[in-house]
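Coordinates from run-v1.txt are shown below (compact mmCIF, C-alpha atoms (C1' of nucleotides)).
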# COMPACT_ATOMS: atom_id res chain seq x y z
CA MET A 287 56.54 -29.18 66.47
CA MET A 288 53.12 -29.51 68.01
CA PRO A 289 50.49 -26.98 66.93
CA ASP A 290 49.54 -24.34 69.47
CA ALA A 291 46.66 -24.98 71.90
CA ASP A 292 44.07 -22.91 70.06
CA ILE A 293 44.82 -24.67 66.80
CA CYS A 294 44.58 -27.98 68.61
CA TYR A 295 41.22 -27.19 70.10
CA ARG A 296 39.86 -26.12 66.75
CA ALA A 297 41.16 -29.31 65.13
CA LEU A 298 39.58 -31.28 67.96
CA LYS A 299 36.18 -29.69 67.50
CA ALA A 300 36.34 -30.38 63.77
CA ARG A 301 37.72 -33.91 64.33
CA ASP A 302 40.15 -32.95 61.59
CA ARG A 303 41.78 -36.08 60.17
CA ALA A 304 44.79 -34.06 59.12
CA PHE A 305 45.78 -33.63 62.75
CA ASP A 306 45.52 -37.27 63.69
CA GLY A 307 48.84 -38.28 65.19
CA ARG A 308 50.10 -34.71 65.44
CA PHE A 309 48.83 -34.28 68.98
CA PHE A 310 46.79 -35.88 71.77
CA VAL A 311 44.24 -34.41 74.22
CA GLY A 312 44.06 -35.22 77.89
CA VAL A 313 40.69 -34.43 79.48
CA THR A 314 41.14 -33.45 83.10
CA SER A 315 37.63 -34.35 84.22
CA THR A 316 37.93 -37.95 83.08
CA ARG A 317 41.69 -38.52 83.17
CA ILE A 318 41.46 -40.01 79.69
CA TYR A 319 43.41 -38.99 76.62
CA CYS A 320 42.32 -39.25 73.00
CA ARG A 321 43.32 -38.73 69.40
CA PRO A 322 41.95 -35.55 67.80
CA ILE A 323 39.57 -37.59 65.67
CA CYS A 324 37.83 -39.37 68.56
CA PRO A 325 34.05 -39.50 68.10
CA ALA A 326 33.42 -38.74 71.78
CA ARG A 327 31.78 -35.43 72.60
CA THR A 328 34.24 -32.55 72.41
CA PRO A 329 35.42 -31.68 75.92
CA LEU A 330 35.17 -28.16 77.24
CA ARG A 331 38.10 -26.00 76.33
CA ASP A 332 39.42 -25.47 79.84
CA ARG A 333 39.48 -29.17 80.60
CA CYS A 334 41.86 -29.97 77.77
CA LEU A 335 45.57 -30.52 78.01
CA PHE A 336 47.45 -31.05 74.78
CA PHE A 337 50.39 -33.38 74.33
CA GLN A 338 52.68 -34.07 71.43
CA HIS A 339 53.06 -37.76 72.14
CA ALA A 340 50.85 -40.43 73.62
CA ALA A 341 53.65 -41.20 76.03
CA SER A 342 53.59 -37.68 77.48
CA ALA A 343 49.88 -37.95 78.16
CA GLU A 344 50.43 -41.33 79.71
CA ALA A 345 53.21 -39.91 81.85
CA ALA A 346 50.86 -37.16 83.04
CA GLY A 347 48.56 -39.84 84.41
CA PHE A 348 45.99 -40.08 81.62
CA LYS A 349 44.53 -43.39 80.46
CA PRO A 350 44.05 -44.17 76.78
CA CYS A 351 40.54 -43.86 75.37
CA LEU A 352 39.04 -47.22 74.42
CA ARG A 353 37.42 -45.92 71.26
CA CYS A 354 40.25 -44.16 69.47
CA ARG A 355 43.06 -46.10 71.17
CA PRO A 356 45.72 -43.38 71.15
CA ASP A 357 48.11 -45.93 72.61
CA LEU A 358 48.05 -48.20 69.56
CA THR A 359 49.30 -47.92 66.00
CA PRO A 360 46.75 -45.98 63.96
CA GLY A 361 44.49 -48.44 62.20
CA ASN A 362 44.00 -50.75 65.13
CA SER A 363 41.13 -49.03 66.89
CA SER A 364 37.42 -49.23 66.41
CA VAL A 365 37.29 -45.73 64.95
CA ASP A 366 39.48 -46.90 62.10
CA ALA A 367 37.35 -49.95 61.46
CA VAL A 368 35.18 -48.38 58.80
CA ALA A 369 38.12 -47.16 56.75
CA ASP A 370 39.70 -50.54 57.18
CA VAL A 371 36.66 -52.40 55.89
CA ALA A 372 36.51 -50.13 52.87
CA LYS A 373 40.16 -50.62 52.07
CA ARG A 374 40.03 -54.36 52.43
CA ALA A 375 36.88 -54.52 50.35
CA ALA A 376 38.55 -52.64 47.50
CA ARG A 377 41.53 -54.96 47.59
CA LEU A 378 39.43 -58.11 47.73
CA MET A 379 37.34 -56.85 44.86
CA LEU A 380 40.39 -56.41 42.69
CA ALA A 381 41.51 -59.94 43.41
CA HIS A 382 38.06 -61.44 42.86
CA PRO A 383 36.06 -59.31 40.44
CA GLY A 384 33.28 -61.86 40.35
CA LEU A 385 32.24 -61.76 44.00
CA SER A 386 28.82 -60.39 44.82
CA THR A 387 28.46 -57.72 47.46
CA GLU A 388 26.99 -60.26 49.80
CA GLU A 389 29.91 -62.67 49.35
CA LEU A 390 32.37 -59.84 49.74
CA ALA A 391 30.77 -58.80 53.01
CA ALA A 392 30.82 -62.36 54.24
CA ARG A 393 34.55 -62.64 53.58
CA LEU A 394 35.15 -59.41 55.43
CA GLY A 395 33.05 -60.59 58.32
CA VAL A 396 30.52 -57.76 58.25
CA SER A 397 26.96 -57.37 57.05
CA SER A 398 26.47 -56.25 53.46
CA ARG A 399 24.64 -53.21 54.79
CA HIS A 400 27.68 -52.21 56.75
CA LEU A 401 29.97 -52.79 53.81
CA ARG A 402 27.84 -50.49 51.67
CA ARG A 403 27.87 -47.85 54.35
CA ALA A 404 31.61 -48.09 54.79
CA LEU A 405 32.37 -47.76 51.09
CA LYS A 406 29.98 -44.87 50.78
CA THR A 407 31.56 -43.09 53.72
CA VAL A 408 35.16 -43.66 52.73
CA LEU A 409 35.09 -43.58 48.94
CA GLY A 410 31.69 -42.10 48.20
CA LEU A 411 30.85 -45.10 46.03
CA THR A 412 28.54 -48.07 46.22
CA PRO A 413 30.14 -51.50 45.84
CA THR A 414 28.80 -51.81 42.31
CA GLN A 415 30.18 -48.45 41.30
CA LEU A 416 33.58 -49.36 42.65
CA ARG A 417 33.50 -52.74 40.93
CA ARG A 418 32.54 -51.18 37.63
CA ARG A 419 35.26 -48.63 37.95
CA GLN A 420 37.85 -51.32 38.61
CA ARG A 421 36.63 -53.51 35.78
CA LEU A 422 36.68 -50.68 33.34
CA ARG A 423 40.17 -49.67 34.31
CA GLU A 424 41.37 -53.21 33.72
CA ALA A 425 39.50 -53.40 30.44
CA LYS A 426 41.12 -50.24 29.16
CA ARG A 427 44.50 -51.60 30.12
CA LEU A 428 43.88 -54.79 28.16
CA LEU A 429 42.53 -52.87 25.22
CA CYS A 430 45.67 -50.83 24.99
CA GLU A 431 48.31 -53.34 25.95
CA THR A 432 47.02 -56.46 24.20
CA THR A 433 45.32 -57.47 21.00
CA LEU A 434 42.79 -59.77 22.60
CA PRO A 435 39.39 -59.77 20.91
CA LEU A 436 36.87 -57.60 22.69
CA SER A 437 34.88 -60.51 24.04
CA ARG A 438 38.07 -61.84 25.68
CA VAL A 439 38.87 -58.45 27.14
CA ALA A 440 35.41 -58.14 28.64
CA LEU A 441 35.57 -61.54 30.26
CA ALA A 442 39.14 -61.08 31.48
CA SER A 443 38.38 -57.80 33.17
CA GLY A 444 35.53 -59.22 35.16
CA PHE A 445 32.45 -58.45 33.09
CA ARG A 446 30.17 -61.40 32.81
CA SER A 447 28.30 -60.25 29.77
CA LEU A 448 29.40 -58.48 26.65
CA ARG A 449 26.22 -56.52 26.83
CA ARG A 450 27.18 -54.83 30.08
CA PHE A 451 30.74 -54.27 28.97
CA ASN A 452 29.71 -52.34 25.89
CA ASP A 453 27.10 -50.42 27.81
CA GLU A 454 29.37 -49.40 30.60
CA PHE A 455 32.23 -48.53 28.30
CA ARG A 456 30.14 -46.19 26.25
CA ARG A 457 28.55 -44.64 29.29
CA VAL A 458 31.90 -43.72 30.81
CA GLU A 459 34.25 -43.29 27.86
CA GLY A 460 31.71 -41.90 25.43
CA CYS A 461 32.69 -44.30 22.66
CA ALA A 462 32.60 -47.99 21.83
CA PRO A 463 35.49 -50.20 22.99
CA SER A 464 36.74 -50.75 19.44
CA ALA A 465 36.96 -47.00 18.91
CA LEU A 466 39.40 -46.60 21.79
CA ARG A 467 41.64 -49.32 20.47
CA LYS A 468 41.62 -47.77 17.05
CA ALA A 469 42.44 -44.35 18.42
CA GLN A 470 45.22 -45.98 20.42
CA ARG A 471 47.26 -46.53 17.24
CA MET B 295 -15.47 -52.58 59.97
CA MET B 296 -12.16 -51.92 58.30
CA PRO B 297 -11.37 -48.32 57.40
CA ASP B 298 -11.47 -47.44 53.72
CA ALA B 299 -8.32 -47.74 51.61
CA ASP B 300 -7.44 -44.05 51.58
CA ILE B 301 -7.73 -43.86 55.33
CA CYS B 302 -5.58 -46.96 55.61
CA TYR B 303 -2.87 -45.57 53.41
CA ARG B 304 -2.79 -42.33 55.36
CA ALA B 305 -2.57 -44.25 58.64
CA LEU B 306 0.22 -46.33 57.11
CA LYS B 307 2.26 -43.31 56.08
CA ALA B 308 1.87 -41.84 59.55
CA ARG B 309 2.56 -45.22 61.23
CA ASP B 310 -0.43 -44.30 63.34
CA ARG B 311 -0.47 -46.46 66.46
CA ALA B 312 -4.21 -46.00 66.75
CA PHE B 313 -4.70 -48.18 63.69
CA ASP B 314 -2.50 -51.02 64.85
CA GLY B 315 -4.57 -54.18 64.70
CA ARG B 316 -7.39 -52.52 62.77
CA PHE B 317 -5.95 -53.53 59.41
CA PHE B 318 -2.96 -55.10 57.64
CA VAL B 319 -1.15 -54.18 54.41
CA GLY B 320 0.01 -56.62 51.79
CA VAL B 321 2.74 -55.25 49.52
CA THR B 322 2.44 -56.78 46.08
CA SER B 323 6.06 -56.26 45.09
CA THR B 324 7.40 -58.22 48.02
CA ARG B 325 4.47 -60.50 48.86
CA ILE B 326 4.89 -59.51 52.49
CA TYR B 327 2.23 -58.14 54.79
CA CYS B 328 2.72 -55.80 57.72
CA ARG B 329 1.02 -54.00 60.57
CA PRO B 330 0.35 -50.32 59.94
CA ILE B 331 3.04 -49.34 62.40
CA CYS B 332 5.88 -51.23 60.70
CA PRO B 333 9.06 -49.15 60.53
CA ALA B 334 9.84 -50.33 56.98
CA ARG B 335 9.69 -47.73 54.25
CA THR B 336 6.13 -46.92 53.26
CA PRO B 337 5.23 -48.84 50.08
CA LEU B 338 3.89 -47.08 47.03
CA ARG B 339 0.17 -46.59 47.10
CA ASP B 340 -0.62 -48.82 44.15
CA ARG B 341 1.34 -51.72 45.55
CA CYS B 342 -0.76 -51.91 48.69
CA LEU B 343 -3.61 -54.26 49.40
CA PHE B 344 -5.47 -53.79 52.67
CA PHE B 345 -6.88 -56.59 54.78
CA GLN B 346 -8.96 -56.62 57.89
CA HIS B 347 -7.30 -59.68 59.37
CA ALA B 348 -3.86 -61.18 59.24
CA ALA B 349 -5.47 -64.42 58.13
CA SER B 350 -6.95 -62.79 55.03
CA ALA B 351 -3.54 -61.49 53.98
CA GLU B 352 -2.06 -64.89 54.63
CA ALA B 353 -4.81 -66.48 52.56
CA ALA B 354 -4.00 -64.11 49.70
CA GLY B 355 -0.46 -65.50 49.65
CA PHE B 356 1.38 -62.88 51.66
CA LYS B 357 4.09 -63.74 54.17
CA PRO B 358 4.31 -62.05 57.55
CA CYS B 359 6.91 -59.31 57.97
CA LEU B 360 9.70 -60.33 60.32
CA ARG B 361 9.91 -56.98 62.00
CA CYS B 362 6.35 -56.16 62.95
CA ARG B 363 5.22 -59.81 63.05
CA PRO B 364 1.59 -59.30 62.05
CA ASP B 365 1.11 -63.02 62.59
CA LEU B 366 1.80 -62.88 66.31
CA THR B 367 0.04 -61.42 69.31
CA PRO B 368 0.91 -57.73 69.49
CA GLY B 369 3.81 -57.28 71.88
CA ASN B 370 5.87 -60.19 70.65
CA SER B 371 7.74 -58.54 67.79
CA SER B 372 10.94 -56.56 67.73
CA VAL B 373 9.07 -53.34 66.98
CA ASP B 374 7.32 -53.68 70.29
CA ALA B 375 10.54 -54.34 72.16
CA VAL B 376 11.17 -50.75 73.16
CA ALA B 377 7.68 -50.27 74.51
CA ASP B 378 8.04 -53.57 76.29
CA VAL B 379 11.28 -52.60 77.98
CA ALA B 380 9.73 -49.34 79.11
CA LYS B 381 6.67 -51.07 80.51
CA ARG B 382 8.66 -53.72 82.33
CA ALA B 383 10.99 -51.09 83.70
CA ALA B 384 8.10 -49.12 85.12
CA ARG B 385 6.68 -52.22 86.76
CA LEU B 386 10.02 -53.32 88.20
CA MET B 387 10.60 -49.87 89.51
CA LEU B 388 7.32 -49.95 91.39
CA ALA B 389 8.22 -53.24 92.98
CA HIS B 390 11.76 -52.14 93.84
CA PRO B 391 11.90 -48.38 94.29
CA GLY B 392 15.48 -48.59 95.46
CA LEU B 393 17.11 -50.03 92.33
CA SER B 394 19.58 -47.88 90.47
CA THR B 395 19.18 -47.36 86.75
CA GLU B 396 22.10 -49.63 86.14
CA GLU B 397 20.66 -52.43 88.26
CA LEU B 398 17.29 -52.02 86.64
CA ALA B 399 18.81 -52.33 83.19
CA ALA B 400 20.74 -55.41 84.22
CA ARG B 401 17.55 -57.09 85.43
CA LEU B 402 15.85 -56.27 82.15
CA GLY B 403 18.79 -57.60 80.21
CA VAL B 404 19.58 -54.41 78.33
CA SER B 405 22.20 -51.70 78.63
CA SER B 406 21.37 -48.74 80.82
CA ARG B 407 21.77 -46.55 77.78
CA HIS B 408 19.06 -48.45 76.03
CA LEU B 409 16.77 -48.39 79.04
CA ARG B 410 17.03 -44.62 79.23
CA ARG B 411 16.36 -44.30 75.54
CA ALA B 412 13.34 -46.58 75.78
CA LEU B 413 11.80 -44.69 78.68
CA LYS B 414 12.42 -41.40 76.97
CA THR B 415 10.82 -42.61 73.77
CA VAL B 416 7.80 -44.22 75.35
CA LEU B 417 7.07 -42.04 78.35
CA GLY B 418 9.15 -38.96 77.67
CA LEU B 419 10.83 -39.39 81.04
CA THR B 420 14.26 -40.31 82.35
CA PRO B 421 14.41 -43.17 84.86
CA THR B 422 14.88 -40.75 87.71
CA GLN B 423 11.90 -38.68 86.69
CA LEU B 424 9.74 -41.77 86.49
CA ARG B 425 10.96 -42.98 89.83
CA ARG B 426 10.22 -39.65 91.41
CA ARG B 427 6.77 -39.60 89.91
CA GLN B 428 6.02 -43.09 91.19
CA ARG B 429 7.31 -42.32 94.66
CA LEU B 430 5.27 -39.19 94.88
CA ARG B 431 2.13 -40.93 93.72
CA GLU B 432 2.62 -43.61 96.39
CA ALA B 433 3.35 -40.97 99.00
CA LYS B 434 0.15 -39.13 98.21
CA ARG B 435 -1.79 -42.34 98.44
CA LEU B 436 -0.33 -43.07 101.87
CA LEU B 437 -0.95 -39.51 102.99
CA CYS B 438 -4.62 -39.78 102.11
CA GLU B 439 -5.41 -43.35 102.99
CA THR B 440 -3.39 -43.83 106.16
CA THR B 441 -2.43 -41.93 109.24
CA LEU B 442 1.22 -42.93 109.14
CA PRO B 443 3.61 -40.22 110.31
CA LEU B 444 5.24 -38.30 107.47
CA SER B 445 8.66 -39.84 107.97
CA ARG B 446 7.09 -43.31 107.65
CA VAL B 447 5.26 -42.24 104.50
CA ALA B 448 8.44 -40.97 102.94
CA LEU B 449 10.37 -44.16 103.67
CA ALA B 450 7.51 -46.42 102.65
CA SER B 451 7.10 -44.75 99.30
CA GLY B 452 10.72 -45.16 98.40
CA PHE B 453 12.34 -41.88 99.36
CA ARG B 454 15.58 -42.41 101.14
CA SER B 455 15.61 -39.07 102.92
CA LEU B 456 12.94 -36.87 104.38
CA ARG B 457 14.78 -33.94 102.92
CA ARG B 458 14.21 -35.16 99.34
CA PHE B 459 10.65 -36.07 100.10
CA ASN B 460 9.71 -32.63 101.33
CA ASP B 461 11.61 -30.98 98.52
CA GLU B 462 10.04 -33.03 95.81
CA PHE B 463 6.58 -32.79 97.26
CA ARG B 464 6.65 -29.05 97.39
CA ARG B 465 8.16 -28.79 93.92
CA VAL B 466 5.35 -30.77 92.33
CA GLU B 467 2.35 -30.19 94.59
CA GLY B 468 3.11 -26.64 95.53
CA CYS B 469 2.58 -27.28 99.23
CA ALA B 470 4.08 -29.23 102.11
CA PRO B 471 3.02 -32.87 102.69
CA SER B 472 1.22 -32.04 105.91
CA ALA B 473 -0.83 -29.40 104.11
CA LEU B 474 -2.24 -31.98 101.73
CA ARG B 475 -3.21 -34.27 104.53
CA LYS B 476 -4.92 -31.44 106.37
CA ALA B 477 -6.80 -30.34 103.27
CA GLN B 478 -7.84 -33.94 102.76
CA ARG B 479 -10.09 -33.81 105.80
C1' DA C 122 31.55 -64.18 7.64
C1' DA C 123 33.03 -63.09 11.96
C1' DT C 124 32.89 -59.75 15.28
C1' DC C 125 30.69 -55.69 17.40
C1' DT C 126 26.96 -52.86 19.05
C1' DC C 127 22.78 -51.98 21.11
C1' DG C 128 17.36 -52.11 22.05
C1' DC C 129 14.42 -55.07 24.72
C1' DC C 130 13.09 -57.78 28.91
C1' DG C 131 12.35 -60.89 32.86
C1' DC C 132 14.68 -61.75 37.02
C1' DT C 133 18.14 -60.70 40.68
C1' DT C 134 20.84 -57.72 43.27
C1' DT C 135 21.84 -53.74 45.07
C1' DC C 136 20.78 -49.66 47.56
C1' DG C 137 19.14 -46.93 51.13
C1' DG C 138 15.56 -45.95 54.96
C1' DA C 139 14.31 -46.93 59.52
C1' DC C 140 15.12 -48.71 63.71
C1' DG C 141 17.39 -51.77 67.64
C1' DT C 142 21.01 -52.02 70.66
C1' DG C 143 25.70 -51.78 72.35
C1' DA C 144 30.07 -49.16 73.93
C1' DC C 145 32.37 -45.29 75.65
C1' DA C 146 33.28 -40.44 76.93
C1' DG C 147 32.14 -35.97 78.92
C1' DT C 148 29.09 -32.93 81.73
C1' DG C 149 26.53 -31.86 85.50
C1' DG C 150 23.67 -32.62 89.49
C1' DA C 151 22.70 -34.70 94.18
C1' DT D 103 32.72 -38.13 94.51
C1' DC D 104 29.61 -40.90 92.16
C1' DC D 105 25.65 -41.63 89.46
C1' DA D 106 22.54 -40.18 85.84
C1' DC D 107 22.10 -38.40 81.42
C1' DT D 108 23.31 -37.44 76.71
C1' DG D 109 26.22 -37.22 72.35
C1' DT D 110 28.33 -39.94 68.98
C1' DC D 111 29.31 -43.73 66.49
C1' DA D 112 29.46 -48.98 65.13
C1' DC D 113 26.98 -52.40 63.22
C1' DG D 114 23.08 -55.57 62.85
C1' DT D 115 18.16 -56.71 60.82
C1' DC D 116 14.51 -56.28 57.47
C1' DC D 117 11.97 -54.18 53.91
C1' DG D 118 10.60 -51.61 49.46
C1' DA D 119 12.14 -49.48 45.39
C1' DA D 120 15.06 -49.13 41.78
C1' DA D 121 18.93 -50.27 39.31
C1' DG D 122 21.59 -53.61 37.18
C1' DC D 123 22.38 -58.06 35.08
C1' DG D 124 22.72 -61.35 31.46
C1' DG D 125 20.51 -63.49 27.38
C1' DC D 126 18.47 -62.74 22.77
C1' DG D 127 18.68 -61.19 18.36
C1' DA D 128 18.94 -57.79 14.66
C1' DG D 129 21.56 -54.47 12.42
C1' DA D 130 26.31 -52.41 11.82
C1' DT D 131 31.37 -53.00 11.03
C1' DT D 132 35.45 -54.71 9.41

Starting from the coordinates I provided, produce the structure as structure tokens.
Amino acid sequence: MMPDADICYRALKARDRAFDGRFFVGVTSTRIYCRPICPARTPLRDRCLFFQHAASAEAAGFKPCLRCRPDLTPGNSSVDAVADVAKRAARLMLAHPGLSTEELAARLGVSSRHLRRALKTVLGLTPTQLRRRQRLREAKRLLCETTLPLSRVALASGFRSLRRFNDEFRRVEGCAPSALRKAQR
Amino acid sequence: MMPDADICYRALKARDRAFDGRFFVGVTSTRIYCRPICPARTPLRDRCLFFQHAASAEAAGFKPCLRCRPDLTPGNSSVDAVADVAKRAARLMLAHPGLSTEELAARLGVSSRHLRRALKTVLGLTPTQLRRRQRLREAKRLLCETTLPLSRVALASGFRSLRRFNDEFRRVEGCAPSALRKAQR
DNA sequence: AATCTCGCCGCTTTCGGACGTGACAGTGGA
DNA sequence: TCCACTGTCACGTCCGAAAGCGGCGAGATT
């Protein structure tokens, strides 16, 4: 069931992501309805009507907000764009560990500045941090599941220099790559 | 003469408009030179070289910043754009006291949101406040320099109702329009 | 001996600050 | 009722600082 009106209004004020999709708000002064996470200014309490489904709001004569697009599948509105960029960036990075941030941004069709912002907002990481994390994860997998020489492992997991591989490994794991493999057995 | 280096650096940190044109900064790490008012992050003290003229910086091998355009006549760079919009808006408004904010913005080629922001930033006024100020100034001029009847004065200075004219006049001047004219003599 | 590890270093990249400008919603005033 | 005003966010540009990168080479390991 739909949460009660007070709960809804609180969720609305907080733009609580957890409530996205659980209810919709119609604003009587504008005749527009939104998702709880809409970035628009929070309407006054007594101008809100809460609905369980977008269709009910629509039936009551409200028009869908153009920013949060309550009438579309979540993920297709401009408010979801940042999360979308971040997600696509992470996926692209996995597929092409060698791409620079600038190239990545170009493929996603946004500026590199925006890409950085998006990743920071969504994951709390810079592109480089995410890349390193992904590379290291792959490296550990190869270390454990194969017997490739270390230099092969480094290259295969996306590092372009042995120097960096060793450095990063020790920084995060606290030991040299060979030590992990040894401990593995 | 050019201010001394410490003064320059202080002016730079403060982005002091008063020093715009009085000196230029070359940043050794980037080989770029700027006007003191450039919005870019303030460079470290020991990476700054100060020049009296743009040409001297240029001669020392620095390239002009693309934001503050120290190589162009002041008023032709993007950092001057806001001030420029505000100035042009004020002028247009004088010529056409009847234009709405939206129409004004359209003629200036910017969004009305941006126009409002620009006026607020530069003059500290909303479009309506500026318009009212201009109308009142013109009304006072007509009151003093002509013998037009009050209703004529109001219309001629851009007010679209006598009611507003009287209201506004009293609010700002503290007396009725006729009182000013009488006092004038 | 072959493979790893790690300090050093010049050169790029990356990161974040600051601002421009747009879109849209909600409130309130004339 | 309509227009003006503001809050909130997206996303771009450009710069300055700092971090990261990759090569080199010497010692350490196996």

Here atom CA of Thr422 of chain B and atom CA of Pro333 of chain B stand apart by 29.0 Å

Give as a PDB file with C-alpha atoms, keeping the file's coordinate frame every residue of chain B that touches chain C within 8 Å, counting all atoms listed in the file.
ATOM      1  CA  PRO B 333       9.060 -49.150  60.530  1.00  0.00           C
ATOM      2  CA  ALA B 334       9.840 -50.330  56.980  1.00  0.00           C
ATOM      3  CA  ARG B 335       9.690 -47.730  54.250  1.00  0.00           C
ATOM      4  CA  SER B 405      22.200 -51.700  78.630  1.00  0.00           C
ATOM      5  CA  HIS B 408      19.060 -48.450  76.030  1.00  0.00           C
TER       6      HIS B 408
END

Find the residues near Arg339 of chain B: any atom within 12 Å, counting all atoms listed in the file, skip ones fewer than 6 places away on the same chain, and give them as a PDB file with C-alpha atoms (C1' of nucleotides), in the frame of the given file.
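result-v2.pdb, freshly written:
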ATOM      1  CA  ALA B 299      -8.320 -47.740  51.610  1.00  0.00           C
ATOM      2  CA  ASP B 300      -7.440 -44.050  51.580  1.00  0.00           C
ATOM      3  CA  ILE B 301      -7.730 -43.860  55.330  1.00  0.00           C
ATOM      4  CA  CYS B 302      -5.580 -46.960  55.610  1.00  0.00           C
ATOM      5  CA  TYR B 303      -2.870 -45.570  53.410  1.00  0.00           C
ATOM      6  CA  ARG B 304      -2.790 -42.330  55.360  1.00  0.00           C
ATOM      7  CA  LEU B 306       0.220 -46.330  57.110  1.00  0.00           C
ATOM      8  CA  LYS B 307       2.260 -43.310  56.080  1.00  0.00           C
ATOM      9  CA  VAL B 319      -1.150 -54.180  54.410  1.00  0.00           C
ATOM     10  CA  GLY B 320       0.010 -56.620  51.790  1.00  0.00           C
ATOM     11  CA  VAL B 321       2.740 -55.250  49.520  1.00  0.00           C
ATOM     12  CA  THR B 322       2.440 -56.780  46.080  1.00  0.00           C
ATOM     13  CA  SER B 323       6.060 -56.260  45.090  1.00  0.00           C
TER      14      SER B 323
ATOM     15  C1'  DG D 118      10.600 -51.610  49.460  1.00  0.00           C
TER      16       DG D 118
END

Please report as a tab-separated table every residue of chain D lying within 8 Å of chain B, along with the nearest atom pair and their distance in Å (one decimal), using all atoms listed in the file.
residue	atom	partner	partner_atom	distance
D:DA106	C1'	B:Thr422	CA	7.9
D:DC116	C1'	B:Arg361	CA	6.5
D:DC117	C1'	B:Ala334	CA	5.4
D:DG118	C1'	B:Pro337	CA	6.1

Quick one: residues within 12 Å of Ala349 of chain B, all atoms listed in the file, excluding same-chain residues fewer than 2 positions away - as a count of residues only?
21

Do you have the atom CA of Ala442 of chain A-atom CA of Ala425 of chain A distance handy?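 Going from atom CA of Ala442 of chain A over to atom CA of Ala425 of chain A, I get 7.8 Å.
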
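You will find atom CA of Asp290 of chain A at 28.2 Å from atom C1' of DC111 of chain D.
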
- Query: What lies within 8 Å of Ala462 of chain A using all atoms listed in the file, ignoring chain neighbours under 4 positions off, as a list in words?
  - Reply: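 Listed by chain and then number, they are Asn452, Phe455, Arg456 and Leu466 of chain A; DT126 of chain C.
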